[in-house]
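Enquirer: Dropping in my_file-v8.cif, which is mmCIF, N, CA and C atoms:
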```
data_my_file
#
loop_
_atom_site.group_PDB
_atom_site.id
_atom_site.type_symbol
_atom_site.label_atom_id
_atom_site.label_comp_id
_atom_site.auth_asym_id
_atom_site.auth_seq_id
_atom_site.Cartn_x
_atom_site.Cartn_y
_atom_site.Cartn_z
ATOM 1 N N MET A 13 2.124 -18.163 -22.089
ATOM 2 C CA MET A 13 1.821 -16.896 -21.454
ATOM 3 C C MET A 13 2.526 -15.738 -22.153
ATOM 4 N N LEU A 14 3.733 -15.970 -22.604
ATOM 5 C CA LEU A 14 4.513 -14.888 -23.200
ATOM 6 C C LEU A 14 4.559 -14.941 -24.719
ATOM 7 N N ALA A 15 4.078 -16.009 -25.298
ATOM 8 C CA ALA A 15 4.122 -16.209 -26.751
ATOM 9 C C ALA A 15 5.560 -16.205 -27.270
ATOM 10 N N LEU A 16 6.474 -16.784 -26.496
ATOM 11 C CA LEU A 16 7.861 -16.915 -26.929
ATOM 12 C C LEU A 16 8.035 -18.225 -27.673
ATOM 13 N N THR A 17 8.775 -18.191 -28.754
ATOM 14 C CA THR A 17 9.147 -19.431 -29.429
ATOM 15 C C THR A 17 10.386 -19.999 -28.735
ATOM 16 N N GLU A 18 10.727 -21.227 -29.068
ATOM 17 C CA GLU A 18 11.959 -21.809 -28.533
ATOM 18 C C GLU A 18 13.164 -20.975 -28.963
ATOM 19 N N ASP A 19 13.124 -20.483 -30.197
ATOM 20 C CA ASP A 19 14.222 -19.638 -30.684
ATOM 21 C C ASP A 19 14.312 -18.336 -29.889
ATOM 22 N N ASP A 20 13.154 -17.742 -29.559
ATOM 23 C CA ASP A 20 13.142 -16.521 -28.746
ATOM 24 C C ASP A 20 13.771 -16.782 -27.384
ATOM 25 N N LEU A 21 13.357 -17.881 -26.741
ATOM 26 C CA LEU A 21 13.879 -18.210 -25.420
ATOM 27 C C LEU A 21 15.369 -18.513 -25.486
ATOM 28 N N ALA A 22 15.793 -19.175 -26.540
ATOM 29 C CA ALA A 22 17.214 -19.464 -26.707
ATOM 30 C C ALA A 22 18.014 -18.169 -26.817
ATOM 31 N N ALA A 23 17.514 -17.222 -27.590
ATOM 32 C CA ALA A 23 18.211 -15.946 -27.750
ATOM 33 C C ALA A 23 18.240 -15.162 -26.442
ATOM 34 N N LEU A 24 17.141 -15.183 -25.694
ATOM 35 C CA LEU A 24 17.086 -14.463 -24.419
ATOM 36 C C LEU A 24 17.976 -15.082 -23.345
ATOM 37 N N SER A 25 18.036 -16.411 -23.332
ATOM 38 C CA SER A 25 18.706 -17.113 -22.241
ATOM 39 C C SER A 25 20.143 -17.513 -22.530
ATOM 40 N N GLY A 26 20.487 -17.630 -23.799
ATOM 41 C CA GLY A 26 21.812 -18.139 -24.150
ATOM 42 C C GLY A 26 21.889 -19.657 -24.085
ATOM 43 N N VAL A 27 20.739 -20.312 -23.948
ATOM 44 C CA VAL A 27 20.663 -21.776 -23.905
ATOM 45 C C VAL A 27 20.189 -22.245 -25.273
ATOM 46 N N ASP A 28 20.868 -23.245 -25.858
ATOM 47 C CA ASP A 28 20.499 -23.655 -27.210
ATOM 48 C C ASP A 28 19.140 -24.361 -27.226
ATOM 49 N N VAL A 29 18.515 -24.342 -28.399
ATOM 50 C CA VAL A 29 17.169 -24.864 -28.575
ATOM 51 C C VAL A 29 17.091 -26.341 -28.212
ATOM 52 N N ALA A 30 18.084 -27.128 -28.578
ATOM 53 C CA ALA A 30 18.068 -28.561 -28.261
ATOM 54 C C ALA A 30 18.021 -28.786 -26.754
ATOM 55 N N THR A 31 18.740 -27.979 -26.005
ATOM 56 C CA THR A 31 18.733 -28.100 -24.545
ATOM 57 C C THR A 31 17.381 -27.684 -23.984
ATOM 58 N N ILE A 32 16.803 -26.619 -24.514
ATOM 59 C CA ILE A 32 15.480 -26.182 -24.073
ATOM 60 C C ILE A 32 14.456 -27.288 -24.308
ATOM 61 N N ARG A 33 14.505 -27.921 -25.469
ATOM 62 C CA ARG A 33 13.573 -29.021 -25.766
ATOM 63 C C ARG A 33 13.764 -30.182 -24.792
ATOM 64 N N ALA A 34 15.017 -30.506 -24.496
ATOM 65 C CA ALA A 34 15.300 -31.609 -23.571
ATOM 66 C C ALA A 34 14.808 -31.281 -22.158
ATOM 67 N N VAL A 35 15.010 -30.026 -21.728
ATOM 68 C CA VAL A 35 14.528 -29.606 -20.408
ATOM 69 C C VAL A 35 13.010 -29.686 -20.353
ATOM 70 N N GLU A 36 12.341 -29.208 -21.414
ATOM 71 C CA GLU A 36 10.878 -29.243 -21.451
ATOM 72 C C GLU A 36 10.332 -30.661 -21.416
ATOM 73 N N SER A 37 11.036 -31.596 -22.033
ATOM 74 C CA SER A 37 10.563 -32.980 -22.063
ATOM 75 C C SER A 37 11.033 -33.779 -20.851
ATOM 76 N N GLU A 38 11.857 -33.145 -20.014
ATOM 77 C CA GLU A 38 12.409 -33.784 -18.820
ATOM 78 C C GLU A 38 13.157 -35.064 -19.168
ATOM 79 N N SER A 39 13.782 -35.088 -20.370
ATOM 80 C CA SER A 39 14.473 -36.296 -20.818
ATOM 81 C C SER A 39 15.878 -36.433 -20.243
ATOM 82 N N ALA A 40 16.366 -35.411 -19.606
ATOM 83 C CA ALA A 40 17.700 -35.467 -19.013
ATOM 84 C C ALA A 40 17.745 -34.499 -17.844
ATOM 85 N N SER A 41 18.735 -34.654 -17.001
ATOM 86 C CA SER A 41 18.896 -33.705 -15.895
ATOM 87 C C SER A 41 20.015 -32.729 -16.253
ATOM 88 N N TYR A 42 19.892 -31.521 -15.778
ATOM 89 C CA TYR A 42 20.844 -30.472 -16.099
ATOM 90 C C TYR A 42 21.302 -29.791 -14.831
ATOM 91 N N ASP A 43 22.454 -29.135 -14.921
ATOM 92 C CA ASP A 43 22.939 -28.419 -13.745
ATOM 93 C C ASP A 43 22.098 -27.174 -13.501
ATOM 94 N N GLU A 44 22.192 -26.654 -12.326
ATOM 95 C CA GLU A 44 21.397 -25.507 -11.895
ATOM 96 C C GLU A 44 21.618 -24.290 -12.793
ATOM 97 N N GLY A 45 22.792 -24.170 -13.397
ATOM 98 C CA GLY A 45 23.102 -23.028 -14.261
ATOM 99 C C GLY A 45 22.152 -22.899 -15.439
ATOM 100 N N ILE A 46 21.750 -24.016 -16.034
ATOM 101 C CA ILE A 46 20.806 -23.994 -17.162
ATOM 102 C C ILE A 46 19.468 -23.413 -16.694
ATOM 103 N N PHE A 47 18.993 -23.899 -15.549
ATOM 104 C CA PHE A 47 17.706 -23.432 -15.033
ATOM 105 C C PHE A 47 17.777 -21.958 -14.628
ATOM 106 N N GLN A 48 18.913 -21.531 -14.111
ATOM 107 C CA GLN A 48 19.064 -20.119 -13.756
ATOM 108 C C GLN A 48 19.025 -19.237 -14.997
ATOM 109 N N CYS A 49 19.680 -19.656 -16.059
ATOM 110 C CA CYS A 49 19.657 -18.881 -17.316
ATOM 111 C C CYS A 49 18.240 -18.782 -17.867
ATOM 112 N N LEU A 50 17.524 -19.896 -17.863
ATOM 113 C CA LEU A 50 16.148 -19.888 -18.358
ATOM 114 C C LEU A 50 15.256 -19.043 -17.457
ATOM 115 N N GLY A 51 15.436 -19.180 -16.152
ATOM 116 C CA GLY A 51 14.640 -18.406 -15.204
ATOM 117 C C GLY A 51 14.856 -16.912 -15.356
ATOM 118 N N ARG A 52 16.118 -16.492 -15.475
ATOM 119 C CA ARG A 52 16.408 -15.056 -15.647
ATOM 120 C C ARG A 52 15.795 -14.522 -16.936
ATOM 121 N N ALA A 53 15.852 -15.322 -17.994
ATOM 122 C CA ALA A 53 15.276 -14.889 -19.275
ATOM 123 C C ALA A 53 13.768 -14.697 -19.147
ATOM 124 N N LEU A 54 13.107 -15.626 -18.496
ATOM 125 C CA LEU A 54 11.659 -15.508 -18.323
ATOM 126 C C LEU A 54 11.306 -14.356 -17.384
ATOM 127 N N GLU A 55 12.079 -14.182 -16.326
ATOM 128 C CA GLU A 55 11.845 -13.062 -15.412
ATOM 129 C C GLU A 55 12.029 -11.724 -16.115
ATOM 130 N N SER A 56 12.960 -11.661 -17.072
ATOM 131 C CA SER A 56 13.174 -10.413 -17.810
ATOM 132 C C SER A 56 11.958 -10.044 -18.653
ATOM 133 N N ARG A 57 11.108 -11.018 -18.925
ATOM 134 C CA ARG A 57 9.888 -10.787 -19.693
ATOM 135 C C ARG A 57 8.651 -10.688 -18.802
ATOM 136 N N GLY A 58 8.860 -10.643 -17.472
ATOM 137 C CA GLY A 58 7.737 -10.401 -16.573
ATOM 138 C C GLY A 58 7.204 -11.596 -15.819
ATOM 139 N N VAL A 59 7.820 -12.772 -15.965
ATOM 140 C CA VAL A 59 7.360 -13.949 -15.229
ATOM 141 C C VAL A 59 7.860 -13.864 -13.793
ATOM 142 N N VAL A 60 6.977 -14.182 -12.861
ATOM 143 C CA VAL A 60 7.325 -14.246 -11.444
ATOM 144 C C VAL A 60 7.134 -15.694 -11.017
ATOM 145 N N PHE A 61 8.175 -16.300 -10.443
ATOM 146 C CA PHE A 61 8.097 -17.668 -9.955
ATOM 147 C C PHE A 61 7.648 -17.646 -8.499
ATOM 148 N N LEU A 62 6.613 -18.424 -8.186
ATOM 149 C CA LEU A 62 6.064 -18.472 -6.844
ATOM 150 C C LEU A 62 6.486 -19.772 -6.163
ATOM 151 N N SER A 63 6.994 -19.648 -4.962
ATOM 152 C CA SER A 63 7.302 -20.847 -4.193
ATOM 153 C C SER A 63 6.049 -21.246 -3.421
ATOM 154 N N GLY A 64 6.082 -22.369 -2.760
ATOM 155 C CA GLY A 64 4.943 -22.815 -1.970
ATOM 156 C C GLY A 64 4.520 -21.736 -0.989
ATOM 157 N N GLY A 65 3.220 -21.491 -0.892
ATOM 158 C CA GLY A 65 2.702 -20.498 0.031
ATOM 159 C C GLY A 65 2.510 -19.119 -0.564
ATOM 160 N N GLN A 66 2.994 -18.863 -1.767
ATOM 161 C CA GLN A 66 2.842 -17.546 -2.372
ATOM 162 C C GLN A 66 1.636 -17.454 -3.298
ATOM 163 N N GLY A 67 1.162 -18.565 -3.806
ATOM 164 C CA GLY A 67 0.028 -18.554 -4.712
ATOM 165 C C GLY A 67 -1.273 -18.560 -3.948
ATOM 166 N N GLN A 68 -2.392 -18.412 -4.645
ATOM 167 C CA GLN A 68 -3.694 -18.392 -3.989
ATOM 168 C C GLN A 68 -3.973 -19.690 -3.256
ATOM 169 N N ASP A 69 -3.577 -20.815 -3.850
ATOM 170 C CA ASP A 69 -3.833 -22.088 -3.184
ATOM 171 C C ASP A 69 -2.642 -22.546 -2.348
ATOM 172 N N GLY A 70 -1.625 -21.711 -2.250
ATOM 173 C CA GLY A 70 -0.477 -22.018 -1.418
ATOM 174 C C GLY A 70 0.586 -22.857 -2.087
ATOM 175 N N GLY A 71 0.369 -23.266 -3.331
ATOM 176 C CA GLY A 71 1.342 -24.099 -4.020
ATOM 177 C C GLY A 71 2.270 -23.292 -4.902
ATOM 178 N N PRO A 72 3.306 -23.940 -5.417
ATOM 179 C CA PRO A 72 4.219 -23.252 -6.324
ATOM 180 C C PRO A 72 3.549 -22.968 -7.667
ATOM 181 N N GLY A 73 4.087 -22.025 -8.402
ATOM 182 C CA GLY A 73 3.536 -21.697 -9.711
ATOM 183 C C GLY A 73 4.209 -20.483 -10.294
ATOM 184 N N ILE A 74 3.563 -19.875 -11.279
ATOM 185 C CA ILE A 74 4.078 -18.665 -11.914
ATOM 186 C C ILE A 74 2.937 -17.686 -12.105
ATOM 187 N N ARG A 75 3.288 -16.421 -12.286
ATOM 188 C CA ARG A 75 2.326 -15.397 -12.673
ATOM 189 C C ARG A 75 3.100 -14.341 -13.444
ATOM 190 N N LEU A 76 2.395 -13.424 -14.054
ATOM 191 C CA LEU A 76 3.030 -12.306 -14.743
ATOM 192 C C LEU A 76 3.000 -11.088 -13.844
ATOM 193 N N LYS A 77 4.066 -10.304 -13.906
ATOM 194 C CA LYS A 77 4.090 -9.035 -13.184
ATOM 195 C C LYS A 77 3.006 -8.136 -13.732
ATOM 196 N N SER A 78 2.550 -7.222 -12.916
ATOM 197 C CA SER A 78 1.574 -6.238 -13.349
ATOM 198 C C SER A 78 2.180 -5.391 -14.457
ATOM 199 N N LEU A 79 1.409 -5.146 -15.488
ATOM 200 C CA LEU A 79 1.879 -4.308 -16.590
ATOM 201 C C LEU A 79 1.466 -2.857 -16.409
ATOM 202 N N ASN A 80 0.886 -2.544 -15.257
ATOM 203 C CA ASN A 80 0.397 -1.182 -15.007
ATOM 204 C C ASN A 80 1.448 -0.280 -14.395
ATOM 205 N N GLY A 81 2.671 -0.707 -14.319
ATOM 206 C CA GLY A 81 3.723 0.118 -13.742
ATOM 207 C C GLY A 81 4.146 -0.392 -12.381
ATOM 208 N N PRO A 82 5.021 0.351 -11.734
ATOM 209 C CA PRO A 82 5.583 -0.125 -10.471
ATOM 210 C C PRO A 82 4.602 -0.124 -9.306
ATOM 211 N N ASP A 83 3.487 0.598 -9.420
ATOM 212 C CA ASP A 83 2.512 0.662 -8.338
ATOM 213 C C ASP A 83 1.633 -0.574 -8.375
ATOM 214 N N ASP A 84 1.734 -1.416 -7.362
ATOM 215 C CA ASP A 84 0.924 -2.627 -7.297
ATOM 216 C C ASP A 84 -0.418 -2.374 -6.628
ATOM 217 N N GLY A 85 -0.720 -1.121 -6.330
ATOM 218 C CA GLY A 85 -1.990 -0.790 -5.711
ATOM 219 C C GLY A 85 -1.931 -0.942 -4.203
ATOM 220 N N ILE A 86 -3.100 -1.032 -3.599
ATOM 221 C CA ILE A 86 -3.207 -1.138 -2.147
ATOM 222 C C ILE A 86 -3.669 -2.544 -1.803
ATOM 223 N N ARG A 87 -2.968 -3.184 -0.908
ATOM 224 C CA ARG A 87 -3.348 -4.521 -0.471
ATOM 225 C C ARG A 87 -4.685 -4.441 0.268
ATOM 226 N N PRO A 88 -5.523 -5.459 0.144
ATOM 227 C CA PRO A 88 -6.854 -5.422 0.760
ATOM 228 C C PRO A 88 -6.831 -5.099 2.253
ATOM 229 N N GLU A 89 -5.868 -5.596 2.968
ATOM 230 C CA GLU A 89 -5.816 -5.345 4.416
ATOM 231 C C GLU A 89 -5.491 -3.897 4.745
ATOM 232 N N ASN A 90 -5.049 -3.120 3.739
ATOM 233 C CA ASN A 90 -4.712 -1.711 3.966
ATOM 234 C C ASN A 90 -5.774 -0.749 3.423
ATOM 235 N N LEU A 91 -6.864 -1.284 2.898
ATOM 236 C CA LEU A 91 -7.933 -0.427 2.380
ATOM 237 C C LEU A 91 -8.680 0.233 3.536
ATOM 238 N N ASN A 92 -8.936 1.508 3.400
ATOM 239 C CA ASN A 92 -9.717 2.240 4.405
ATOM 240 C C ASN A 92 -10.237 3.533 3.764
ATOM 241 N N SER A 93 -11.047 4.273 4.486
ATOM 242 C CA SER A 93 -11.645 5.490 3.920
ATOM 243 C C SER A 93 -10.595 6.558 3.632
ATOM 244 N N ALA A 94 -9.460 6.531 4.279
ATOM 245 C CA ALA A 94 -8.425 7.529 4.051
ATOM 246 C C ALA A 94 -7.769 7.376 2.684
ATOM 247 N N ASN A 95 -7.770 6.162 2.131
ATOM 248 C CA ASN A 95 -7.133 5.979 0.824
ATOM 249 C C ASN A 95 -8.137 5.659 -0.269
ATOM 250 N N ASP A 96 -9.410 5.990 -0.058
ATOM 251 C CA ASP A 96 -10.394 5.864 -1.136
ATOM 252 C C ASP A 96 -10.024 6.840 -2.249
ATOM 253 N N GLY A 97 -9.987 6.363 -3.458
ATOM 254 C CA GLY A 97 -9.565 7.223 -4.545
ATOM 255 C C GLY A 97 -10.660 7.577 -5.428
#
```
As structure tokens - that is how I would like this structure written.
Expert:
Amino acid sequence: MLALTEDDLAALSGVDVATIRAVESESASYDEGIFQCLGRALESRGVVFLSGGQGQDGGPGIRLKSLNGPDDGIRPENLNSANDG
């Protein structure tokens, strides 16, 4: 989604490439600190982590933040003739 290389992610997160590869392959378990560093790095590039119930199908996942600025628009339930643009 972000076109980051392992080296890019390592530089952003402070986690070495070998650890990133091991995490991706699920070949070992790591403490929560590693996942927090990786998560913060990805969030800094616009990734939003969704917990169960936040996605369209209600399951966990990820999405990218809107690149159109801080205005996320009007939620469908708030649409009315007063805010027609």
Enquirer: Distance atom CA of Asp19 of chain A-atom C of Ile32 of chain A, one decimal place?
Expert: 10.0 Å
Enquirer: Closest to Gly73 of chain A among A:Gly45, A:Thr31, A:Phe61, A:Thr17, using all atoms listed in the file?
Expert: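 Under the stated criterion, the closest residue is A:Phe61.
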Enquirer: Box for segment 14-30 of chain A: with edges along x, y and z, all listed atoms inside and 5 Å added on each side, what are the centre and edge lengths in Å to one decimal, as lines of an AutoDock Vina configuration file?
Expert:
```
center_x = 12.8
center_y = -21.6
center_z = -26.5
size_x = 28.2
size_y = 24.3
size_z = 18.4
```
Enquirer: What's the separation between atom N of Leu16 of chain A and atom N of Ala34 of chain A, in Å to one decimal place?
Expert: 16.3 Å
Enquirer: So that I can see what lies close to Lys77 of chain A, please list as a list in words the residues with an atom at most 7 Å from it, counting all atoms listed in the file and leaving out residues fewer than 6 positions away in the same chain.
Expert: Arg57, Gly58, Val59 and Val60 of chain A
Enquirer: Now that the selection is made, can you save its residues with N, CA and C atoms as a compact mmCIF listing (two decimals), keeping the file's coordinate frame?
Expert:
```
# COMPACT_ATOMS: atom_id res chain seq x y z
N ARG A 57 11.11 -11.02 -18.92
CA ARG A 57 9.89 -10.79 -19.69
C ARG A 57 8.65 -10.69 -18.80
N GLY A 58 8.86 -10.64 -17.47
CA GLY A 58 7.74 -10.40 -16.57
C GLY A 58 7.20 -11.60 -15.82
N VAL A 59 7.82 -12.77 -15.96
CA VAL A 59 7.36 -13.95 -15.23
C VAL A 59 7.86 -13.86 -13.79
N VAL A 60 6.98 -14.18 -12.86
CA VAL A 60 7.32 -14.25 -11.44
C VAL A 60 7.13 -15.69 -11.02
```
Enquirer: Record the distance separating atom CA of Phe47 of chain A and atom CA of Val35 of chain A, expressed in Å with one decimal.
Expert: 8.8 Å
Enquirer: Could you check the closest approach to Val27 of chain A for each of A:Ala94, A:Ile46, A:Met13, A:Pro72 and tell me which residue wins, using all atoms listed in the file?
Expert: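 The answer is A:Ile46, which sits nearest to Val27 of chain A.
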Enquirer: Using only C-alpha atoms, which of A:Asn90, A:Arg33, A:Glu55, A:Gln48 sits nearest Ile74 of chain A?
Expert: A:Glu55
Enquirer: From the options A:Glu38, A:Arg75, A:Ala53, A:Asp43, which residue's atoms come nearest to Ser25 of chain A, counting all atoms listed in the file?
Expert: A:Ala53
